[in-house]
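The file model.cif contains mmCIF, C-alpha atoms:
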```cif
data_model
#
loop_
_atom_site.label_atom_id
_atom_site.label_comp_id
_atom_site.auth_asym_id
_atom_site.auth_seq_id
_atom_site.Cartn_x
_atom_site.Cartn_y
_atom_site.Cartn_z
CA MET A 1 0.00 0.00 0.00
CA THR A 2 1.43 3.39 -0.93
CA ALA A 3 1.86 6.12 1.68
CA GLU A 4 -0.85 8.15 -0.04
CA ASN A 5 -3.36 5.30 0.00
CA LEU A 6 -2.50 4.49 3.60
CA SER A 7 -2.91 8.14 4.54
CA ASN A 8 -6.33 8.24 2.90
CA LYS A 9 -7.39 5.09 4.76
CA LEU A 10 -6.06 6.06 8.18
CA PHE A 11 -7.07 9.71 8.09
CA ALA A 12 -10.15 9.69 5.87
CA GLN A 13 -12.13 11.67 8.46
CA GLY A 14 -9.12 13.73 9.53
CA ILE A 15 -7.58 13.87 12.99
CA CYS A 16 -7.91 17.52 13.85
CA ALA A 17 -7.70 19.96 16.74
CA GLY A 18 -8.81 23.46 15.79
CA SER A 19 -6.85 24.47 12.69
CA LEU A 20 -4.31 21.66 13.19
CA GLU A 21 -4.47 18.36 11.34
CA VAL A 22 -2.29 15.26 11.61
CA ARG A 23 -1.79 12.87 8.68
CA LEU A 24 0.92 11.23 6.59
CA ALA A 25 2.79 13.13 3.90
CA ARG A 26 1.11 12.61 0.52
CA SER A 27 3.72 13.93 -1.86
CA LYS A 28 7.41 14.60 -2.36
CA ASP A 29 6.76 18.30 -1.70
CA GLU A 30 5.29 17.50 1.70
CA VAL A 31 8.23 15.27 2.62
CA GLU A 32 10.56 18.12 1.64
CA ALA A 33 8.52 20.51 3.79
CA ALA A 34 9.08 18.15 6.74
CA GLN A 35 12.81 18.04 5.94
CA ALA A 36 12.90 21.85 5.83
CA LEU A 37 11.25 22.00 9.27
CA ARG A 38 13.81 19.51 10.57
CA TYR A 39 16.62 21.68 9.20
CA ARG A 40 15.27 24.81 10.91
CA VAL A 41 14.88 23.04 14.25
CA PHE A 42 17.94 20.78 14.33
CA TYR A 43 20.54 22.91 12.53
CA GLU A 44 19.47 26.54 12.84
CA GLU A 45 17.94 26.38 16.31
CA MET A 46 19.74 23.51 18.06
CA GLY A 47 23.16 23.87 16.47
CA ALA A 48 23.68 20.56 14.66
CA THR A 49 26.24 20.64 11.84
CA PRO A 50 24.82 20.11 8.33
CA ASN A 51 26.81 18.67 5.49
CA ARG A 52 27.36 20.85 2.42
CA GLU A 53 24.46 19.37 0.46
CA MET A 54 22.02 19.93 3.32
CA GLU A 55 23.26 23.47 3.77
CA LEU A 56 22.69 24.29 0.10
CA VAL A 57 19.06 23.10 0.05
CA ARG A 58 18.34 23.91 3.72
CA ARG A 59 16.78 20.52 4.38
CA ASP A 60 17.72 17.68 6.75
CA PHE A 61 17.74 14.35 4.95
CA ASP A 62 19.39 10.92 4.80
CA ARG A 63 19.05 7.70 2.84
CA PHE A 64 16.19 6.44 5.05
CA ASP A 65 13.75 9.23 4.18
CA GLU A 66 12.61 7.70 0.90
CA PHE A 67 11.58 4.46 2.64
CA CYS A 68 9.83 5.98 5.67
CA ASP A 69 6.34 7.31 6.24
CA HIS A 70 6.38 10.93 7.40
CA LEU A 71 3.74 11.96 9.92
CA LEU A 72 2.88 15.66 9.66
CA VAL A 73 1.05 18.24 11.72
CA LEU A 74 -0.30 20.97 9.45
CA ASP A 75 -1.80 24.30 10.48
CA HIS A 76 -4.56 25.16 8.01
CA ALA A 77 -4.76 28.69 9.40
CA LEU A 78 -1.48 29.41 7.59
CA PRO A 79 -1.27 30.14 3.85
CA GLU A 80 -1.02 27.03 1.68
CA GLY A 81 2.56 25.91 1.20
CA PRO A 82 5.48 24.24 3.01
CA ASP A 83 5.24 26.48 6.09
CA ARG A 84 1.96 24.76 6.97
CA VAL A 85 4.00 21.80 8.23
CA VAL A 86 4.65 22.63 11.89
CA GLY A 87 5.43 19.18 13.29
CA THR A 88 6.75 15.86 12.03
CA TYR A 89 7.73 12.32 13.01
CA ARG A 90 9.50 9.77 10.81
CA LEU A 91 8.03 6.24 10.93
CA TYR A 92 9.98 3.18 9.73
CA ARG A 93 8.52 -0.32 9.99
CA ARG A 94 10.49 -3.57 10.18
CA SER A 95 8.74 -4.93 7.07
CA ILE A 96 10.14 -1.98 5.07
CA ALA A 97 13.53 -1.75 6.81
CA ASP A 98 14.28 -5.42 6.10
CA GLN A 99 14.11 -4.65 2.39
CA ASN A 100 16.20 -1.47 2.56
CA GLY A 101 19.30 -2.05 4.62
CA GLY A 102 17.93 -2.11 8.15
CA PHE A 103 17.23 0.58 10.74
CA TYR A 104 18.91 3.93 11.42
CA SER A 105 19.36 2.99 15.10
CA SER A 106 21.67 0.11 14.24
CA SER A 107 24.42 2.63 13.40
CA GLU A 108 24.60 3.39 17.15
CA TYR A 109 23.05 0.41 18.95
CA ASP A 110 22.92 -3.36 18.86
CA ILE A 111 19.14 -3.78 18.46
CA SER A 112 19.17 -7.54 17.96
CA ALA A 113 17.00 -8.02 21.06
CA LEU A 114 14.30 -5.93 19.38
CA ILE A 115 14.77 -7.58 15.99
CA ASN A 116 14.24 -10.97 17.64
CA GLN A 117 10.79 -9.99 18.93
CA PRO A 118 7.85 -11.39 16.95
CA GLY A 119 5.50 -9.19 14.95
CA GLU A 120 5.88 -5.70 13.54
CA ILE A 121 8.17 -3.15 15.19
CA LEU A 122 8.48 0.55 14.42
CA GLU A 123 11.44 2.92 14.56
CA LEU A 124 10.54 6.51 15.44
CA GLY A 125 12.89 9.29 14.44
CA ARG A 126 13.43 12.91 13.45
CA SER A 127 10.73 14.16 15.80
CA CYS A 128 10.45 17.93 15.84
CA VAL A 129 7.91 20.73 16.23
CA GLN A 130 8.22 24.36 15.24
CA LYS A 131 9.08 26.41 18.33
CA SER A 132 5.85 28.42 18.46
CA TYR A 133 3.82 25.17 18.34
CA ARG A 134 5.58 23.31 21.15
CA ASN A 135 2.61 22.78 23.38
CA ARG A 136 0.37 20.00 24.66
CA ALA A 137 -2.13 20.33 21.79
CA THR A 138 0.46 19.76 19.07
CA MET A 139 2.21 16.90 20.85
CA THR A 140 -1.09 15.20 21.64
CA LEU A 141 -2.05 15.41 17.98
CA LEU A 142 1.26 13.87 16.91
CA TRP A 143 0.74 10.98 19.32
CA ARG A 144 -2.83 10.48 18.15
CA GLY A 145 -1.41 10.09 14.65
CA ASN A 146 1.22 7.67 15.92
CA ALA A 147 -1.44 5.66 17.76
CA ALA A 148 -3.57 5.38 14.60
CA TYR A 149 -0.53 4.18 12.64
CA VAL A 150 0.43 1.68 15.35
CA SER A 151 -3.10 0.31 15.50
CA HIS A 152 -3.35 -0.04 11.70
CA TYR A 153 -0.13 -2.06 11.43
CA GLN A 154 -0.56 -3.96 14.73
CA ILE A 155 2.85 -2.74 15.90
CA ARG A 156 3.96 -4.21 19.22
CA LEU A 157 7.12 -2.23 19.95
CA MET A 158 8.40 1.24 19.06
CA PHE A 159 11.99 2.32 19.46
CA GLY A 160 14.44 5.00 18.41
CA CYS A 161 17.12 7.40 19.62
CA ALA A 162 16.54 10.54 21.66
CA SER A 163 19.09 13.14 22.62
CA PHE A 164 20.51 15.22 25.42
CA PRO A 165 21.74 18.54 23.97
CA GLY A 166 25.49 18.92 24.26
CA ALA A 167 28.03 16.19 23.46
CA ASP A 168 29.71 16.05 26.90
CA PRO A 169 28.42 12.99 28.84
CA GLU A 170 29.78 14.32 32.12
CA SER A 171 27.40 17.28 31.95
CA HIS A 172 24.51 14.78 31.79
CA ALA A 173 25.89 12.36 34.39
CA LEU A 174 22.97 12.69 36.84
CA PRO A 175 20.05 12.14 34.43
CA LEU A 176 21.95 9.40 32.55
CA ALA A 177 22.61 7.53 35.80
CA TYR A 178 18.96 7.98 36.83
CA LEU A 179 17.81 6.47 33.53
CA TYR A 180 20.21 3.55 33.95
CA HIS A 181 19.15 2.72 37.49
CA TYR A 182 15.41 3.38 37.22
CA GLN A 183 14.37 3.05 33.55
CA LEU A 184 16.62 0.37 32.02
CA ALA A 185 14.79 -1.84 29.52
CA PRO A 186 14.25 -5.53 30.33
CA GLN A 187 17.10 -7.59 28.92
CA LYS A 188 14.89 -9.33 26.34
CA ILE A 189 14.18 -5.99 24.60
CA ARG A 190 17.27 -4.00 25.62
CA PRO A 191 19.32 -2.16 22.97
CA ILE A 192 23.02 -1.87 23.81
CA ALA A 193 25.33 0.84 22.47
CA LEU A 194 27.91 -0.51 20.02
CA PRO A 195 31.24 -1.26 21.75
CA ASP A 196 33.24 1.46 20.00
CA LEU A 197 30.56 4.07 20.78
CA TYR A 198 29.48 2.95 24.26
CA VAL A 199 29.29 5.65 26.94
CA ASN A 200 28.80 4.31 30.46
CA MET A 201 25.62 5.72 32.03
CA ASN A 202 26.25 4.11 35.42
CA THR A 203 28.66 6.70 36.83
CA ILE A 204 26.70 7.59 39.99
CA PRO A 205 25.58 5.01 42.57
CA LYS A 206 21.82 4.58 42.78
CA ALA A 207 21.79 5.59 46.45
CA ASP A 208 23.38 8.96 45.58
CA ILE A 209 20.88 10.00 42.90
CA ASP A 210 18.59 12.98 43.55
CA GLN A 211 15.61 11.74 41.54
CA ARG A 212 13.78 15.07 41.39
CA LYS A 213 16.84 16.92 40.17
CA ALA A 214 17.56 14.19 37.64
CA LEU A 215 14.03 14.36 36.23
CA ARG A 216 14.31 18.13 35.84
CA GLU A 217 17.39 17.62 33.66
CA ILE A 218 15.82 15.07 31.30
CA PRO A 219 14.74 16.57 27.93
CA PRO A 220 10.95 16.81 27.34
CA LEU A 221 10.85 14.23 24.53
CA ILE A 222 12.54 11.58 26.70
CA LYS A 223 10.20 12.43 29.58
CA GLY A 224 7.27 11.95 27.22
CA TYR A 225 8.44 8.45 26.34
CA LEU A 226 8.89 7.63 30.03
CA ARG A 227 5.32 8.78 30.77
CA LEU A 228 4.16 6.23 28.20
CA GLY A 229 5.99 3.52 30.13
CA GLY A 230 9.08 3.66 27.95
CA PHE A 231 12.45 2.13 28.74
CA ILE A 232 16.06 3.11 28.06
CA GLY A 233 18.78 1.02 26.43
CA ASP A 234 22.19 0.36 27.95
CA GLY A 235 24.81 2.97 27.08
CA GLY A 236 24.81 6.47 25.67
CA VAL A 237 26.34 7.48 22.34
CA ILE A 238 28.10 10.77 21.56
CA ASP A 239 26.92 12.28 18.27
CA GLN A 240 29.32 15.05 17.26
CA GLN A 241 27.31 16.11 14.19
CA TRP A 242 24.21 16.68 16.31
CA ASP A 243 26.19 17.96 19.33
CA SER A 244 24.33 15.53 21.56
CA VAL A 245 24.46 12.45 23.73
CA ASP A 246 21.97 9.89 22.44
CA VAL A 247 20.05 7.28 24.39
CA SER A 248 17.98 4.44 23.01
CA ILE A 249 14.23 4.38 23.74
CA VAL A 250 11.87 1.38 23.72
CA VAL A 251 8.09 1.67 24.17
CA LYS A 252 5.52 -1.13 24.29
CA THR A 253 2.74 0.13 22.06
CA ASP A 254 -0.16 -1.24 24.09
CA LEU A 255 0.61 1.57 26.55
CA VAL A 256 0.37 4.17 23.77
CA THR A 257 -2.83 2.89 22.20
CA GLN A 258 -4.47 2.57 25.62
CA LYS A 259 -3.61 6.20 26.43
CA TYR A 260 -4.98 7.56 23.14
CA ARG A 261 -7.78 5.05 22.38
CA GLU A 262 -10.59 7.32 23.57
CA LYS A 263 -9.17 10.29 21.65
CA LEU A 264 -9.10 8.27 18.44
CA LYS A 265 -12.86 7.59 18.47
#
```

Could you quickly redo this structure as structure tokens?
Amino acid sequence: MTAENLSNKLFAQGICAGSLEVRLARSKDEVEAAQALRYRVFYEEMGATPNREMELVRRDFDRFDEFCDHLLVLDHALPEGPDRVVGTYRLYRRSIADQNGGFYSSSEYDISALINQPGEILELGRSCVQKSYRNRATMTLLWRGNAAYVSHYQIRLMFGCASFPGADPESHALPLAYLYHYQLAPQKIRPIALPDLYVNMNTIPKADIDQRKALREIPPLIKGYLRLGGFIGDGGVIDQQWDSVDVSIVVKTDLVTQKYREKLK
């Protein structure tokens, strides 16, 4: 099924909140609008380093984009055009990844424990929202779209990488240790950072962790995954291009669909 046909089936009645609508990208132009939003957020706002080709076209892209579905939030109160795309998530299913060289996350993590799980799994990535739209309404709409997608494909597990801004692990020692001691994924679904990239998260004893302070230092996206019952993989990864320390996230989708089931009716 093509992305356009899937989008028509999943979002035939529209999932809307006021002037905002969530659906899948239906054209190359809409995918490029999502990439342009990613560039503005990741490179211009957050300080990641683009390669020359990205800089010339002012879009964030990689080889996975052509195989993924791109979930969009559009604001229909804005003039028609690429600026209507104010939020995006990139969705990459196992059944597609197996035919196209695997998952993005495998460049940083050993995800064999996830690959060995039965059924469909989904990699989430490139999540971003335009700064003026970073509020509960927009994020709820994105997750309603994710929940519809998960339900349609009967996806059992979602996973991906999320980041702490700044590539110095020592500056994130407290929240990383908190995640290791309190949120580590069960071994049967636990991603592990690749040996040559592995950053030890267990640098502070559990008894010495100030949990409230640690939670305050965890980025909002990671907190959102934790609220859905998400887990963290073993080991951080320094990403110099993105000026970040990455962690691996795993979420059982029954927790997501349960949270948003009533909102999807």

Please write the residues picked by the PyMOL selection byres ((chain A and resi 202-206) around 12) on this file as a PDB file with C-alpha atoms, in the coordinates of the input.
```pdb
ATOM      1  CA  PRO A 169      28.420  12.990  28.840  1.00  0.00           C
ATOM      2  CA  GLU A 170      29.780  14.320  32.120  1.00  0.00           C
ATOM      3  CA  SER A 171      27.400  17.280  31.950  1.00  0.00           C
ATOM      4  CA  HIS A 172      24.510  14.780  31.790  1.00  0.00           C
ATOM      5  CA  ALA A 173      25.890  12.360  34.390  1.00  0.00           C
ATOM      6  CA  LEU A 174      22.970  12.690  36.840  1.00  0.00           C
ATOM      7  CA  PRO A 175      20.050  12.140  34.430  1.00  0.00           C
ATOM      8  CA  LEU A 176      21.950   9.400  32.550  1.00  0.00           C
ATOM      9  CA  ALA A 177      22.610   7.530  35.800  1.00  0.00           C
ATOM     10  CA  TYR A 178      18.960   7.980  36.830  1.00  0.00           C
ATOM     11  CA  LEU A 179      17.810   6.470  33.530  1.00  0.00           C
ATOM     12  CA  TYR A 180      20.210   3.550  33.950  1.00  0.00           C
ATOM     13  CA  HIS A 181      19.150   2.720  37.490  1.00  0.00           C
ATOM     14  CA  TYR A 182      15.410   3.380  37.220  1.00  0.00           C
ATOM     15  CA  GLN A 183      14.370   3.050  33.550  1.00  0.00           C
ATOM     16  CA  LEU A 184      16.620   0.370  32.020  1.00  0.00           C
ATOM     17  CA  TYR A 198      29.480   2.950  24.260  1.00  0.00           C
ATOM     18  CA  VAL A 199      29.290   5.650  26.940  1.00  0.00           C
ATOM     19  CA  ASN A 200      28.800   4.310  30.460  1.00  0.00           C
ATOM     20  CA  MET A 201      25.620   5.720  32.030  1.00  0.00           C
ATOM     21  CA  ALA A 207      21.790   5.590  46.450  1.00  0.00           C
ATOM     22  CA  ASP A 208      23.380   8.960  45.580  1.00  0.00           C
ATOM     23  CA  ILE A 209      20.880  10.000  42.900  1.00  0.00           C
ATOM     24  CA  ASP A 210      18.590  12.980  43.550  1.00  0.00           C
ATOM     25  CA  GLN A 211      15.610  11.740  41.540  1.00  0.00           C
ATOM     26  CA  ALA A 214      17.560  14.190  37.640  1.00  0.00           C
ATOM     27  CA  ASP A 234      22.190   0.360  27.950  1.00  0.00           C
ATOM     28  CA  GLY A 235      24.810   2.970  27.080  1.00  0.00           C
ATOM     29  CA  GLY A 236      24.810   6.470  25.670  1.00  0.00           C
TER      30      GLY A 236
END
```

Residues returned when the PyMOL selection byres ((chain A and resi 61) around 10) runs on this file, as a ChimeraX atom specification
/A:31-32,34-36,38-39,50,53-54,58-60,62-66,126

Interface rows for stretch 156-239 of chain A against stretch 75-94 of chain A: nearest pair, Å to one decimal, 12 Å, only C-alpha atoms, as JSON lines:
```
{"residue": "A:Arg156", "atom": "CA", "partner": "A:Arg93", "partner_atom": "CA", "distance": 11.0}
{"residue": "A:Leu157", "atom": "CA", "partner": "A:Arg93", "partner_atom": "CA", "distance": 10.2}
{"residue": "A:Met158", "atom": "CA", "partner": "A:Arg93", "partner_atom": "CA", "distance": 9.2}
{"residue": "A:Phe159", "atom": "CA", "partner": "A:Tyr92", "partner_atom": "CA", "distance": 10.0}
{"residue": "A:Gly160", "atom": "CA", "partner": "A:Tyr92", "partner_atom": "CA", "distance": 9.9}
{"residue": "A:Cys161", "atom": "CA", "partner": "A:Arg90", "partner_atom": "CA", "distance": 11.9}
```

Check the smallest atom-to-atom distance from each of A:Gly145, A:Thr49, A:Val247, A:Gly119 to A:Ala25 using all atoms listed in the file, then report the winner.
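Ranking A:Gly145, A:Thr49, A:Val247, A:Gly119 by distance to A:Ala25, first place goes to A:Gly145.
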
Find, counting all atoms listed in the file, the residue in A:Ser105, A:Gln240, A:Thr138, A:Ser248 that gets nearest to A:Gly47.
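Checking each candidate against A:Gly47, we get A:Gln240 as the closest.
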
Min atom-atom distance to A:Cys16 from the set A:Ala167, A:Leu141, A:Leu124, A:Ala148, counting all atoms listed in the file, belongs to A:Leu141

Might I get the box with edges along x, y and z of the file that holds all atoms of stretch 178-185 of chain A listed there, padded by 4 Å on every side, given as centre and edge lengths in Å to one decimal, as JSON?
```
{"center_x": 17.3, "center_y": 3.1, "center_z": 33.5, "size_x": 13.8, "size_y": 17.8, "size_z": 16.0}
```

Among listed residues A:Asp98, A:Glu44, A:Glu108, A:Glu30, nearest A:His70 (using all atoms listed in the file):
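Using all atoms listed in the file, A:His70 sits closest to A:Glu30.
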
Write out as a list in words each polymer residue whose atoms come within 10 Å of stretch 131-133 of chain A, counting only C-alpha atoms; drop sequence neighbours fewer than 2 positions from it.
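Those residues are Arg40, Val41, Glu45, Val73, Asp75, Val86, Gly87, Cys128, Val129, Asn135, Arg136, Ala137, Thr138 and Met139 of chain A.
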
To one decimal place in Å, what is the distance between atom CA of A:Ile232 and atom CA of A:Pro220?
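It comes out at 14.6 Å.
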
Could you tell me how far atom CA of A:Gly229 sits from atom CA of A:Ser107, in Å to one decimal place?
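For atom CA of A:Ser107 relative to atom CA of A:Gly229, the distance reads 24.9 Å.
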
Calculated over only C-alpha atoms, which of the candidates A:Thr253, A:Ser112, A:Gln241, A:Gln154 has the smallest distance to A:Leu228?
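So, comparing all the options, the nearest one is A:Thr253.
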
Just to confirm, what's the straight-line distance from atom CA of A:Pro186 to atom CA of A:Gly233 in Å (one decimal)?
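A separation of 8.9 Å between them.
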